[in-house]
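Source file: structure_21.txt; contents: compact mmCIF, C-alpha atoms.
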# COMPACT_ATOMS: atom_id res chain seq x y z
CA SER A 1 0.00 0.00 0.00
CA SER A 2 1.01 3.64 -0.44
CA SER A 3 1.02 4.23 3.37
CA GLY A 4 3.36 1.23 3.79
CA ARG A 5 5.72 2.62 1.13
CA GLN A 6 5.65 6.06 2.86
CA SER A 7 6.41 4.45 6.23
CA ARG A 8 9.38 2.51 4.76
CA ALA A 9 10.61 5.67 3.03
CA LEU A 10 10.40 7.62 6.27
CA ARG A 11 12.30 4.95 8.21
CA SER A 12 15.03 4.93 5.56
CA HIS A 13 15.57 8.71 5.92
CA PRO A 14 18.66 9.52 8.08
CA ASP A 15 16.76 12.20 10.00
CA PHE A 16 14.29 9.55 11.19
CA PHE A 17 17.02 7.67 13.06
CA ALA A 18 18.53 10.88 14.45
CA THR A 19 15.12 11.95 15.76
CA SER A 20 14.44 8.47 17.17
CA ARG A 21 17.80 8.44 18.96
CA HIS A 22 17.10 11.91 20.39
CA CYS A 23 13.64 10.83 21.63
CA MET A 24 15.08 7.67 23.21
CA ALA A 25 17.81 9.72 24.93
CA GLU A 26 15.22 12.19 26.24
CA GLU A 27 13.11 9.31 27.55
CA GLU A 28 16.10 7.67 29.27
CA LEU A 29 17.10 10.91 30.97
CA PHE A 30 13.65 12.41 31.71
CA SER A 31 13.50 11.58 35.43
CA LEU A 32 17.11 12.66 35.99
CA ARG A 33 16.70 15.93 34.08
CA ASN A 34 13.42 16.67 35.86
CA ALA A 35 14.94 16.04 39.30
CA VAL A 36 17.77 18.51 38.53
CA HIS A 37 15.30 21.14 37.31
CA LEU A 38 13.17 20.74 40.46
CA GLY A 39 16.17 20.99 42.79
CA ALA A 40 15.82 17.38 43.97
CA TYR A 41 19.57 16.81 43.78
CA THR A 42 19.91 13.69 45.96
CA GLN A 43 17.19 12.05 43.86
CA ALA A 44 18.95 13.20 40.67
CA ILE A 45 22.24 11.60 41.71
CA SER A 46 20.42 8.36 42.60
CA GLU A 47 18.67 8.44 39.18
CA ALA A 48 22.01 9.02 37.41
CA ASN A 49 23.58 6.02 39.15
CA SER A 50 20.71 3.78 38.07
CA ILE A 51 20.88 4.70 34.37
CA ASN A 52 22.62 2.29 32.00
CA PRO A 53 23.28 4.61 29.00
CA SER A 54 22.27 3.30 25.57
CA SER A 55 24.91 5.44 23.81
CA GLU A 56 27.91 7.70 24.37
CA ALA A 57 25.71 10.77 23.86
CA VAL A 58 23.36 9.62 26.64
CA ARG A 59 26.35 8.86 28.90
CA HIS A 60 27.70 12.41 28.36
CA GLN A 61 24.30 13.96 29.14
CA ARG A 62 23.85 11.77 32.21
CA ASP A 63 27.26 12.81 33.56
CA PHE A 64 26.58 16.49 32.81
CA LEU A 65 23.31 16.39 34.76
CA MET A 66 24.80 14.34 37.60
CA TYR A 67 27.76 16.71 38.04
CA ARG A 68 25.37 19.69 38.00
CA ALA A 69 23.49 18.05 40.88
CA PHE A 70 26.75 17.57 42.83
CA VAL A 71 27.65 21.24 42.26
CA GLU A 72 24.23 22.35 43.51
CA GLN A 73 24.85 20.32 46.66
CA GLY A 74 28.13 22.18 47.17
CA GLN A 75 30.25 19.11 46.41
CA TYR A 76 32.69 21.11 44.28
CA ARG A 77 35.81 19.12 45.14
CA LEU A 78 34.18 15.82 44.10
CA VAL A 79 33.43 17.24 40.63
CA ILE A 80 36.89 18.83 40.27
CA ASP A 81 38.60 15.55 41.23
CA GLU A 82 36.39 13.24 39.15
CA VAL A 83 36.29 15.13 35.84
CA GLY A 84 39.58 14.34 34.11
CA ALA A 85 41.28 15.95 31.11
CA SER A 86 39.76 13.38 28.72
CA ALA A 87 36.17 14.05 29.85
CA PRO A 88 33.75 15.58 27.29
CA LEU A 89 33.36 19.36 27.04
CA SER A 90 29.99 19.27 28.83
CA SER A 91 31.55 17.76 31.98
CA GLN A 92 34.60 20.06 31.69
CA ALA A 93 32.22 23.04 31.69
CA VAL A 94 30.57 21.87 34.95
CA LYS A 95 34.06 21.37 36.42
CA LEU A 96 34.84 25.03 35.65
CA LEU A 97 31.63 26.10 37.41
CA ALA A 98 32.67 24.01 40.44
CA SER A 99 36.16 25.60 40.38
CA TYR A 100 34.61 29.07 40.15
CA LEU A 101 32.26 28.50 43.10
CA GLU A 102 34.95 26.94 45.30
CA ALA A 103 37.78 29.36 44.58
CA GLY A 104 39.05 32.79 45.55
CA ARG A 105 39.04 35.81 43.24
CA GLU A 106 42.24 34.93 41.35
CA THR A 107 41.00 31.48 40.32
CA LYS A 108 37.57 32.90 39.48
CA GLU A 109 39.27 35.22 36.94
CA MET A 110 41.12 32.24 35.42
CA VAL A 111 37.85 30.29 35.10
CA ILE A 112 36.20 33.22 33.29
CA LEU A 113 39.16 33.50 30.90
CA GLN A 114 39.01 29.75 30.17
CA LEU A 115 35.26 29.87 29.52
CA LYS A 116 35.64 32.83 27.15
CA GLU A 117 38.44 31.02 25.30
CA TRP A 118 36.20 27.98 24.76
CA LEU A 119 33.28 30.18 23.72
CA SER A 120 35.44 31.85 21.06
CA ASP A 121 36.46 28.46 19.62
CA SER A 122 34.23 27.50 16.68
CA GLN A 123 34.24 23.79 17.62
CA SER A 124 33.07 24.23 21.21
CA ALA A 125 30.98 27.40 20.84
CA GLY A 126 27.95 25.37 19.64
CA SER A 127 27.71 23.43 22.92
CA TRP A 128 24.57 24.47 24.84
CA GLU A 129 26.07 22.93 27.99
CA LEU A 130 29.06 25.27 27.71
CA ALA A 131 26.74 28.26 27.08
CA LEU A 132 24.70 27.29 30.16
CA MET A 133 27.71 26.96 32.48
CA ALA A 134 29.36 30.14 31.13
CA GLY A 135 26.09 32.06 31.49
CA THR A 136 25.72 30.78 35.07
CA VAL A 137 29.24 31.96 36.00
CA LEU A 138 28.67 35.36 34.37
CA LEU A 139 25.31 35.69 36.17
CA HIS A 140 27.18 35.11 39.46
CA GLU A 141 29.55 37.88 38.34
CA LYS A 142 26.53 40.13 37.64
CA ASP A 143 28.03 40.62 34.16
CA PHE A 144 24.58 40.45 32.58
CA GLN A 145 25.50 41.78 29.14
CA GLU A 146 28.32 39.27 28.67
CA ALA A 147 26.10 36.44 29.95
CA LEU A 148 23.34 37.37 27.46
CA LYS A 149 25.83 37.68 24.61
CA HIS A 150 26.50 33.94 24.84
CA THR A 151 22.98 32.73 25.70
CA HIS A 152 20.12 34.95 24.47
CA GLN A 153 19.76 33.34 21.02
CA ASN A 154 20.01 29.76 22.25
CA THR A 155 16.81 27.70 21.91
CA GLN A 156 17.77 24.86 24.28
CA ILE A 157 15.24 24.99 27.15
CA ASP A 158 17.82 25.03 29.99
CA VAL A 159 19.60 28.00 28.40
CA MET A 160 16.29 29.76 27.70
CA ALA A 161 15.41 29.40 31.40
CA LEU A 162 18.79 30.88 32.38
CA VAL A 163 18.19 33.87 30.07
CA LEU A 164 14.86 34.46 31.83
CA GLN A 165 16.66 34.39 35.21
CA ILE A 166 19.17 36.94 33.91
CA TYR A 167 16.35 39.27 32.83
CA LEU A 168 14.75 38.95 36.28
CA ALA A 169 18.11 39.72 37.92
CA MET A 170 18.28 42.85 35.72
CA HIS A 171 14.74 43.82 36.84
CA ARG A 172 13.64 43.65 33.19
CA LEU A 173 10.22 42.09 33.71
CA ASP A 174 9.22 43.07 30.16
CA LEU A 175 12.06 40.98 28.67
CA ALA A 176 11.37 38.12 31.11
CA ARG A 177 7.74 38.03 29.93
CA THR A 178 8.86 37.89 26.29
CA GLN A 179 11.31 35.08 27.12
CA LEU A 180 8.58 33.17 28.97
CA LYS A 181 6.35 33.41 25.88
CA ALA A 182 9.22 32.00 23.76
CA MET A 183 9.65 29.12 26.23
CA GLN A 184 5.91 28.39 26.19
CA GLU A 185 5.97 28.28 22.37
CA HIS A 186 9.03 26.01 22.48
CA ASP A 187 7.68 23.54 25.11
CA ASP A 188 4.68 24.60 27.17
CA ASP A 189 4.67 21.42 29.30
CA ALA A 190 8.37 21.45 30.25
CA THR A 191 9.08 21.68 33.98
CA LEU A 192 11.45 24.60 33.34
CA THR A 193 8.68 26.47 31.48
CA LYS A 194 6.27 25.92 34.39
CA LEU A 195 8.91 27.13 36.88
CA ALA A 196 9.70 30.14 34.69
CA GLY A 197 6.01 31.07 34.64
CA ALA A 198 5.92 30.93 38.45
CA TYR A 199 9.06 33.08 38.80
CA VAL A 200 7.64 35.69 36.42
CA ALA A 201 4.37 35.70 38.41
CA MET A 202 6.36 36.31 41.62
CA ALA A 203 8.25 39.19 39.97
CA GLU A 204 4.92 40.66 38.81
CA GLY A 205 3.56 40.35 42.34
CA CYS A 206 6.58 42.25 43.64
CA GLU A 207 6.83 44.98 40.99
CA LYS A 208 3.12 45.54 40.41
CA SER A 209 1.97 44.92 44.01
CA GLN A 210 -0.47 42.24 42.87
CA PRO A 211 -0.90 39.63 45.66
CA ASP A 212 -2.94 37.35 43.36
CA LYS A 213 0.22 36.81 41.31
CA TYR A 214 1.87 35.20 44.34
CA GLN A 215 -1.14 32.90 44.60
CA ASP A 216 -0.70 31.94 40.91
CA ALA A 217 2.97 31.16 41.54
CA LEU A 218 2.12 29.17 44.68
CA TYR A 219 -0.34 26.98 42.74
CA GLU A 220 2.28 26.32 40.05
CA PHE A 221 4.97 25.28 42.57
CA GLN A 222 2.45 23.14 44.45
CA GLU A 223 1.30 21.42 41.27
CA LEU A 224 4.88 20.56 40.26
CA GLY A 225 5.59 19.19 43.75
CA GLU A 226 2.48 17.02 43.73
CA LYS A 227 3.13 15.79 40.19
CA TYR A 228 6.82 14.96 40.64
CA THR A 229 8.56 15.55 43.99
CA MET A 230 8.21 18.17 46.73
CA SER A 231 11.83 19.31 46.76
CA VAL A 232 13.53 21.73 49.18
CA MET A 233 13.67 24.26 46.34
CA LEU A 234 9.90 24.06 45.75
CA LEU A 235 9.13 24.26 49.49
CA ASN A 236 11.23 27.44 49.75
CA ALA A 237 9.55 28.95 46.69
CA MET A 238 6.12 28.18 48.16
CA ALA A 239 7.17 29.66 51.52
CA LEU A 240 8.30 32.88 49.81
CA CYS A 241 4.90 33.18 48.13
CA GLN A 242 3.17 32.67 51.50
CA MET A 243 5.39 35.30 53.18
CA HIS A 244 4.63 37.85 50.46
CA MET A 245 0.94 37.22 51.12
CA GLY A 246 1.47 37.72 54.88
CA ARG A 247 0.87 34.06 55.79
CA PHE A 248 3.92 33.57 58.00
CA ASP A 249 2.56 30.61 59.99
CA GLU A 250 2.06 28.66 56.76
CA ALA A 251 5.49 29.75 55.51
CA GLU A 252 7.09 28.50 58.75
CA ARG A 253 5.44 25.09 58.30
CA LEU A 254 6.80 24.79 54.75
CA LEU A 255 10.31 25.85 55.79
CA GLN A 256 10.38 23.42 58.72
CA ASP A 257 9.37 20.74 56.22
CA ALA A 258 12.27 21.84 53.97
CA LEU A 259 14.74 21.62 56.88
CA SER A 260 13.47 18.15 57.77
CA LYS A 261 14.43 17.08 54.22
CA SER A 262 17.81 18.87 54.32
CA ASN A 263 18.76 20.15 57.78
CA ASN A 264 21.77 22.13 56.51
CA ASP A 265 20.09 23.96 53.64
CA PRO A 266 21.20 27.62 53.97
CA ASN A 267 18.31 29.07 51.91
CA SER A 268 15.74 27.37 54.14
CA MET A 269 17.50 28.79 57.21
CA ALA A 270 17.73 32.31 55.77
CA ASN A 271 14.03 32.30 54.86
CA LEU A 272 13.12 30.85 58.25
CA ILE A 273 15.02 33.65 60.05
CA VAL A 274 12.95 36.26 58.19
CA CYS A 275 9.79 34.29 58.95
CA MET A 276 10.63 34.00 62.69
CA GLN A 277 11.33 37.72 62.90
CA GLN A 278 7.92 38.48 61.42
CA LEU A 279 6.29 36.07 63.91
CA ARG A 280 8.19 37.80 66.78
CA LYS A 281 9.95 34.51 67.61
CA THR A 282 13.23 36.28 68.47
CA THR A 283 14.90 33.36 70.29
CA GLU A 284 14.43 31.03 67.31
CA ALA A 285 15.49 33.77 64.87
CA SER A 286 18.74 34.31 66.84
CA ARG A 287 19.42 30.56 66.96
CA TYR A 288 18.98 30.11 63.21
CA THR A 289 21.10 33.23 62.55
CA ALA A 290 23.99 31.75 64.55
CA GLN A 291 23.60 28.41 62.76
CA LEU A 292 23.54 30.03 59.31
CA LYS A 293 26.61 32.18 60.04
CA ALA A 294 28.55 29.05 61.05
CA LEU A 295 27.24 26.94 58.18
CA ALA A 296 27.44 29.38 55.25
CA PRO A 297 29.44 32.55 56.05
CA SER A 298 29.41 33.61 52.38
CA HIS A 299 25.62 33.22 51.93
CA PRO A 300 24.17 36.53 50.60
CA TRP A 301 21.85 36.88 53.63
CA VAL A 302 24.77 36.42 56.06
CA VAL A 303 27.02 38.85 54.15
CA LYS A 304 24.30 41.53 54.23
CA HIS A 305 23.50 40.83 57.89
CA VAL A 306 27.17 41.16 58.95
CA GLU A 307 27.45 44.36 56.88
CA LEU A 308 24.39 45.88 58.61
CA GLU A 309 25.64 44.78 62.05
CA SER A 310 29.00 46.48 61.43
CA SER A 311 27.25 49.63 60.21
CA PHE A 312 25.01 49.68 63.30
CA ASP A 313 28.02 49.18 65.62
CA ARG A 314 29.87 52.06 63.95
CA CYS A 315 26.87 54.39 64.41
CA ALA A 316 26.45 53.26 68.04
CA ASN A 317 30.14 53.93 68.75
CA GLN A 318 29.93 57.42 67.20
CA ARG A 319 26.89 58.30 69.31
CA SER A 320 28.55 57.11 72.53
CA LYS A 321 31.63 59.32 72.01
Is it possible to give me this structure as structure tokens?
Amino acid sequence: SSSGRQSRALRSHPDFFATSRHCMAEEELFSLRNAVHLGAYTQAISEANSINPSSEAVRHQRDFLMYRAFVEQGQYRLVIDEVGASAPLSSQAVKLLASYLEAGRETKEMVILQLKEWLSDSQSAGSWELALMAGTVLLHEKDFQEALKHTHQNTQIDVMALVLQIYLAMHRLDLARTQLKAMQEHDDDATLTKLAGAYVAMAEGCEKSQPDKYQDALYEFQELGEKYTMSVMLLNAMALCQMHMGRFDEAERLLQDALSKSNNDPNSMANLIVCMQQLRKTTEASRYTAQLKALAPSHPWVVKHVELESSFDRCANQRSK
């Protein structure tokens, strides 16, 4: 029959096999990729260890995602030690991110130079994994223009989500909305697209003083948690929405739940301190502040807190003279 001939012709086309291989790879890695996107890093590492890759390409992607999960857990040294000189570019790029996050200023500068050298090389410049890691480092540097230069035209969903985060960091809600629309057109059901929609809703709630936007974001985070896994990242995001809506008791419950899953998570502690202060639980707030300072002295909340304490002490000393 003509439909049989068309089917045979389609299967004989080289693009058919390339597409099939891509779909199989996506299927193999779906749970792992999703766990990384949702911030369920322990689950992601467990998923990675259980995958028996069907090809070299799948193995490279698995390792890239697994090393990203280790970096997010703060296990920089493990990644630096494990990724050797013969590892693929995708893993090398994660290793550079780990080196950047672990190191002092001098090494950070060397990492940025190395990333820019790879980005200027025609063979490696096409790697979305390299673009993602370079963009992440440059976002940490608050070098938004340079980060966008290497990422804003990329149509890989992870990179598109990073671009949206950069726009939000720049307080360019208009550009973030446009990027969200592009992500929705690219893959409306992707976890990263759903998360991006929630982050944009939160930004709208903040900039436009629209509390209902926080409720929209809360529903989105809740839905993702119920559908896949209620990660520490999602619990924190939900708690932030509740705090913005003035529901501090509910936020405290969510943050205590987050700490029960990961008792050393600095973001959960920082958010809980703010929550306790609002609930006038000063003893608990002081306890968590001391714990956070000891656990993560370079956490943005701690850095700002120490800076304000020093400023207050200086003013107090001047008044007492």
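One finds atom CA of A:Leu295 at 9.0 Å from atom CA of A:Asp265.
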>> Quick one: residues within 8 Å of A:Glu102, all atoms listed in the file, excluding same-chain residues fewer than 3 positions away - as a ChimeraX atom specification?
In response: /A:76-77,98-99
> In Å to one decimal, how far is atom CA of A:Leu279 from atom CA of A:Glu250?
Replying inline: 11.1 Å
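Shortest separation to A:Ser268 among A:Leu235, A:Leu218, A:Cys206, A:Ala85 occurs at residue A:Leu235, atoms counted being only C-alpha atoms.
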> Can you tell me, as a ChimeraX atom specification, which residues sit within 12 Å of (36.1, 34.7, 30.8) in the file's frame, using all atoms listed in the file?
Replying inline: /A:96-97,100,107-120,131,133-138,141,143,146-147,150
> In Å, with one decimal, what is the gap from atom CA of A:Gln145 to atom CA of A:Asn34?
Replying inline: 28.7 Å
Axis-aligned box for all listed atoms of stretch 179-183 of chain A, 4 Å per side, centre and edges in Å to one decimal, as lines of an AutoDock Vina configuration file:
center_x = 8.8
center_y = 32.1
center_z = 26.4
size_x = 13.0
size_y = 14.0
size_z = 13.2
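You can rank A:Trp301, A:Lys261, A:Arg314, A:Glu252 by their closest distance to A:Glu284 using only C-alpha atoms, and at the top of that list sits A:Glu252.
Among the candidates A:His152, A:Arg177, A:Lys293, A:Arg33, the one nearest to A:Trp128 when counting only C-alpha atoms is A:His152.
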> Excluding same-chain residues fewer than 4 positions from A:Glu28, what lies within 12 Å of it counting all atoms listed in the file, as a PyMOL selection string?
Replying inline: chain A and resi 21-24+32-34+47-48+50-55+57-59+61-62
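Comparing the minimum interatomic distances between A:His37 and each of A:Glu309, A:Thr191, A:Glu204, A:Asn317, counting only C-alpha atoms, we find that A:Thr191 sits nearest.
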> Residues at most 7 Å from A:Ala176, counting all atoms listed in the file, excluding those fewer than 3 positions away in the same chain, as number ranges by chain?
Replying inline: A: 164, 167-168, 172-173, 179-180, 200
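Remark: for A:Leu259, the closest of the candidate residues A:Leu130, A:Val232, A:Ala237, A:Ala201 is A:Val232 (distances computed over all atoms listed in the file).
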> Need the neighbours of (14.1, 26.8, 33.6): which residues are at most 8 Å away, counting all atoms listed in the file, as an MDAnalysis selection string?
Replying inline: chainID A and resid 37 157:162 164 191:196
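When only C-alpha atoms are used to compute distances to A:Met170, the closest of the residues A:Leu255, A:Leu139, A:Ala182, A:Ala316 turns out to be A:Leu139.
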Would you mind putting N, CA, C and O atoms back on stretch 222-234 of chain A and writing the result as an mmCIF file, keeping the file's coordinate frame?
data_model
loop_
_atom_site.group_PDB
_atom_site.id
_atom_site.type_symbol
_atom_site.label_atom_id
_atom_site.label_comp_id
_atom_site.auth_asym_id
_atom_site.auth_seq_id
_atom_site.Cartn_x
_atom_site.Cartn_y
_atom_site.Cartn_z
ATOM 1 N N GLN A 222 3.149 24.236 43.772
ATOM 2 C CA GLN A 222 2.450 23.140 44.450
ATOM 3 C C GLN A 222 2.128 22.008 43.470
ATOM 4 O O GLN A 222 2.315 20.825 43.783
ATOM 5 N N GLU A 223 1.663 22.395 42.304
ATOM 6 C CA GLU A 223 1.300 21.420 41.270
ATOM 7 C C GLU A 223 2.511 20.594 40.841
ATOM 8 O O GLU A 223 2.425 19.369 40.694
ATOM 9 N N LEU A 224 3.651 21.266 40.655
ATOM 10 C CA LEU A 224 4.880 20.560 40.260
ATOM 11 C C LEU A 224 5.324 19.592 41.360
ATOM 12 O O LEU A 224 5.739 18.471 41.077
ATOM 13 N N GLY A 225 5.212 20.041 42.626
ATOM 14 C CA GLY A 225 5.590 19.190 43.750
ATOM 15 C C GLY A 225 4.719 17.955 43.858
ATOM 16 O O GLY A 225 5.203 16.850 44.114
ATOM 17 N N GLU A 226 3.420 18.141 43.642
ATOM 18 C CA GLU A 226 2.480 17.020 43.730
ATOM 19 C C GLU A 226 2.633 16.064 42.550
ATOM 20 O O GLU A 226 2.456 14.854 42.693
ATOM 21 N N LYS A 227 2.983 16.614 41.398
ATOM 22 C CA LYS A 227 3.130 15.790 40.190
ATOM 23 C C LYS A 227 4.428 14.991 40.202
ATOM 24 O O LYS A 227 4.463 13.834 39.779
ATOM 25 N N TYR A 228 5.506 15.611 40.693
ATOM 26 C CA TYR A 228 6.820 14.960 40.640
ATOM 27 C C TYR A 228 7.393 14.697 42.035
ATOM 28 O O TYR A 228 7.302 13.596 42.535
ATOM 29 N N THR A 229 7.978 15.711 42.650
ATOM 30 C CA THR A 229 8.560 15.550 43.990
ATOM 31 C C THR A 229 8.596 16.893 44.686
ATOM 32 O O THR A 229 8.932 17.909 44.068
ATOM 33 N N MET A 230 8.237 16.906 45.980
ATOM 34 C CA MET A 230 8.210 18.170 46.730
ATOM 35 C C MET A 230 9.622 18.430 47.258
ATOM 36 O O MET A 230 9.980 18.039 48.360
ATOM 37 N N SER A 231 10.423 19.077 46.428
ATOM 38 C CA SER A 231 11.830 19.310 46.760
ATOM 39 C C SER A 231 11.987 20.481 47.720
ATOM 40 O O SER A 231 11.063 21.278 47.928
ATOM 41 N N VAL A 232 13.192 20.605 48.287
ATOM 42 C CA VAL A 232 13.530 21.730 49.180
ATOM 43 C C VAL A 232 13.384 23.049 48.419
ATOM 44 O O VAL A 232 12.886 24.035 48.969
ATOM 45 N N MET A 233 13.787 23.056 47.161
ATOM 46 C CA MET A 233 13.670 24.260 46.340
ATOM 47 C C MET A 233 12.213 24.694 46.186
ATOM 48 O O MET A 233 11.878 25.878 46.348
ATOM 49 N N LEU A 234 11.319 23.741 45.908
ATOM 50 C CA LEU A 234 9.900 24.060 45.750
ATOM 51 C C LEU A 234 9.275 24.510 47.064
ATOM 52 O O LEU A 234 8.477 25.450 47.097
#
